[in-house]
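With mmCIF, C-alpha atoms inside, this is data20.cif:
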data_model
#
loop_
_atom_site.label_atom_id
_atom_site.label_comp_id
_atom_site.auth_asym_id
_atom_site.auth_seq_id
_atom_site.Cartn_x
_atom_site.Cartn_y
_atom_site.Cartn_z
CA MET A 1 15.22 -2.94 -8.58
CA SER A 2 15.53 -2.87 -12.32
CA ASN A 3 14.02 0.59 -12.89
CA GLY A 4 15.71 2.31 -9.97
CA SER A 5 14.02 4.68 -7.58
CA LEU A 6 11.08 6.98 -8.04
CA GLU A 7 13.48 9.85 -7.44
CA SER A 8 15.56 8.93 -10.51
CA LEU A 9 12.42 8.54 -12.61
CA LEU A 10 10.86 11.86 -11.56
CA PHE A 11 13.99 13.97 -11.61
CA GLY A 12 16.01 12.20 -14.31
CA GLU A 13 16.18 13.08 -17.99
CA SER A 14 13.06 11.23 -19.14
CA ARG A 15 9.67 12.09 -17.67
CA PRO A 16 7.10 9.43 -16.73
CA SER A 17 3.70 9.51 -18.41
CA TRP A 18 0.62 10.53 -16.44
CA ASN A 19 -0.52 6.91 -16.46
CA GLN A 20 2.82 5.76 -15.01
CA ARG A 21 2.59 8.46 -12.34
CA LYS A 22 -0.93 7.34 -11.43
CA GLU A 23 0.07 3.68 -11.21
CA ILE A 24 3.12 4.49 -9.08
CA ALA A 25 0.97 6.60 -6.73
CA LEU A 26 -1.60 3.80 -6.44
CA GLY A 27 1.08 1.15 -5.95
CA THR A 28 2.66 3.16 -3.16
CA ALA A 29 -0.76 3.63 -1.54
CA ARG A 30 -1.33 -0.14 -1.72
CA GLY A 31 2.03 -0.71 -0.06
CA LEU A 32 1.16 1.67 2.76
CA LEU A 33 -2.24 0.01 3.16
CA TYR A 34 -0.47 -3.31 3.58
CA LEU A 35 1.98 -1.94 6.15
CA HIS A 36 -0.69 -0.10 8.12
CA GLU A 37 -3.66 -2.46 8.00
CA GLU A 38 -2.86 -5.87 6.53
CA CYS A 39 0.33 -6.92 8.35
CA SER A 40 -0.12 -8.94 11.52
CA SER A 41 1.54 -6.00 13.33
CA GLN A 42 1.30 -2.45 12.00
CA ILE A 43 4.48 -0.96 10.59
CA ILE A 44 5.13 2.78 10.52
CA HIS A 45 7.73 3.30 7.80
CA CYS A 46 8.76 6.77 9.04
CA ASP A 47 10.63 7.76 5.84
CA ILE A 48 8.33 7.73 2.80
CA LYS A 49 10.08 9.70 0.03
CA PRO A 50 10.95 9.19 -3.67
CA GLN A 51 14.35 7.66 -2.85
CA ASN A 52 12.59 4.90 -0.88
CA ILE A 53 10.12 3.93 -3.60
CA LEU A 54 11.76 1.42 -5.94
CA LEU A 55 10.38 0.41 -9.33
CA ASP A 56 10.43 -3.14 -10.70
CA ASP A 57 10.45 -4.32 -14.36
CA SER A 58 6.88 -3.14 -14.93
CA PHE A 59 7.33 0.08 -12.91
CA THR A 60 5.36 -1.33 -9.98
CA ALA A 61 6.15 0.69 -6.85
CA ARG A 62 7.84 -1.13 -3.97
CA ILE A 63 8.43 0.56 -0.62
CA ALA A 64 12.04 0.11 0.52
CA ASP A 65 14.47 1.08 3.30
CA PHE A 66 12.89 0.06 6.58
CA GLY A 67 15.92 1.19 8.58
CA VAL A 68 13.97 3.69 10.71
CA ALA A 69 10.59 1.91 10.63
CA LYS A 70 8.65 1.13 13.80
CA LEU A 71 6.93 -2.23 14.29
CA LEU A 72 3.92 -1.83 16.57
CA LYS A 73 2.66 -4.49 18.93
CA ILE A 74 -0.60 -6.20 17.98
CA ASP A 75 -2.74 -4.08 20.31
CA GLN A 76 -0.77 -0.87 19.75
CA THR A 77 -1.89 1.95 17.42
CA ARG A 78 0.67 4.63 18.30
CA THR A 79 4.15 4.88 19.66
CA THR A 80 6.48 7.36 21.24
CA THR A 81 9.83 7.62 19.52
CA ARG A 82 12.50 10.15 18.72
CA PHE A 83 12.42 12.08 15.45
CA ARG A 84 12.82 9.87 12.38
CA GLY A 85 12.68 10.54 8.68
CA THR A 86 13.80 13.13 6.17
CA LYS A 87 13.12 16.83 6.60
CA GLY A 88 10.56 18.01 4.12
CA TYR A 89 8.67 14.72 4.31
CA VAL A 90 8.04 14.43 8.05
CA ALA A 91 4.70 15.27 9.60
CA PRO A 92 4.55 18.26 11.96
CA LYS A 93 3.44 15.79 14.67
CA TRP A 94 7.09 14.71 14.99
CA PHE A 95 7.95 18.15 16.35
CA LYS A 96 5.43 17.88 19.17
CA SER A 97 6.30 15.47 21.92
CA SER A 98 3.21 13.39 21.28
CA PRO A 99 2.84 9.77 20.18
CA VAL A 100 2.94 9.09 16.44
CA THR A 101 0.62 6.88 14.40
CA VAL A 102 0.51 5.59 10.83
CA LYS A 103 -0.74 9.08 9.95
CA VAL A 104 2.87 10.28 9.81
CA ASP A 105 3.33 8.02 6.77
CA VAL A 106 0.11 9.35 5.24
CA TYR A 107 1.46 12.90 5.58
CA SER A 108 4.72 11.88 3.88
CA TYR A 109 2.70 10.16 1.15
CA GLY A 110 0.89 13.46 0.53
CA ILE A 111 4.24 15.21 -0.02
CA LEU A 112 5.25 12.34 -2.32
CA LEU A 113 2.02 12.81 -4.32
CA LEU A 114 2.85 16.48 -4.84
CA GLU A 115 6.18 15.45 -6.32
CA ILE A 116 4.59 12.78 -8.50
CA ILE A 117 2.19 15.25 -10.10
#
Here is the file; what I need is its structure written in the form of structure tokens.
Amino acid sequence: MSNGSLESLLFGESRPSWNQRKEIALGTARGLLYLHEECSSQIIHCDIKPQNILLDDSFTARIADFGVAKLLKIDQTRTTTRFRGTKGYVAPKWFKSSPVTVKVDVYSYGILLLEII
């Protein structure tokens, strides 16, 4: 993407404006909404972090890197899987041997929001 990753924007030499930060946060939320509720099958990304949010020409956020994502069946809302993601962004639920839901992405998004602000 033409404007690189959110990581390079947040931690690079120039700092994004508060309006840019807000729009990136909202764009990422819209992307998660699409993955979790609007796709024909839910997708749990499993690795939401600044490196996986890419920015286009107008700094619109695009979720990238679906290498560890889980595609759920149409009637499925949770899944059992081994640990996935990046430490520091993963929900504590991963450390319990219980099924995971889209909420693990919501947790990671919360960590991302802390970095955005």
Report the residues retrieved by the PyMOL selection byres ((chain A and resi 101) around 8) from the displayed file, expressed as a PyMOL selection string. chain A and resi 44+77-79+99-100+102-104
Report the residues retrieved by the PyMOL selection byres ((chain A and resi 85) around 10) from the displayed file, expressed as a PyMOL selection string. chain A and resi 45-49+67-69+83-84+86-91+94+104-105+108
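Between atom CA of A:Glu37 and atom CA of A:Leu71 there is a distance of 12.3 Å.
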Select, from A:Gln76, A:Gly4, A:Leu35, A:Phe59, the residue with the minimum atom-to-atom distance to A:Arg21, counting all atoms listed in the file.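 Ranking A:Gln76, A:Gly4, A:Leu35, A:Phe59 by distance to A:Arg21, first place goes to A:Phe59.
With atom CA of A:Lys22 on one side and atom CA of A:Asn3 on the other, the separation reads 16.5 Å.
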In the coordinates of the file, take the point (4.4, -0.2, -1.4) and a cut-off of 6 Å; then, counting only C-alpha atoms, name each qualifying protein, DNA or RNA residue as a PyMOL selection string. chain A and resi 27-28+30-32+61-63
Any idea what the distance is between atom CA of A:Asn52 and atom CA of A:Ser5?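 Answer for the atom CA of A:Asn52 to atom CA of A:Ser5 separation: 6.9 Å.
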Using all atoms listed in the file, find the one residue out of A:Phe66, A:Thr80, A:Tyr107, A:Ala25 that sits nearest to A:Pro92.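 Using all atoms listed in the file, the shortest distance to A:Pro92 belongs to A:Tyr107.
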Counting all atoms listed in the file, the residue of A:Leu9, A:Ile74, A:Ser14, A:Glu38 that sits nearest A:Leu54: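 Looking only at the distances to A:Leu54, the closest residue turns out to be A:Leu9.
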Around stretch 35-50 of chain A, fit a box with edges along x, y and z, padding it by 3 Å on each side, then list its centre and edge lengths in Å to one decimal as lines of an AutoDock Vina configuration file.
center_x = 3.6
center_y = 0.4
center_z = 4.8
size_x = 20.6
size_y = 24.6
size_z = 23.0
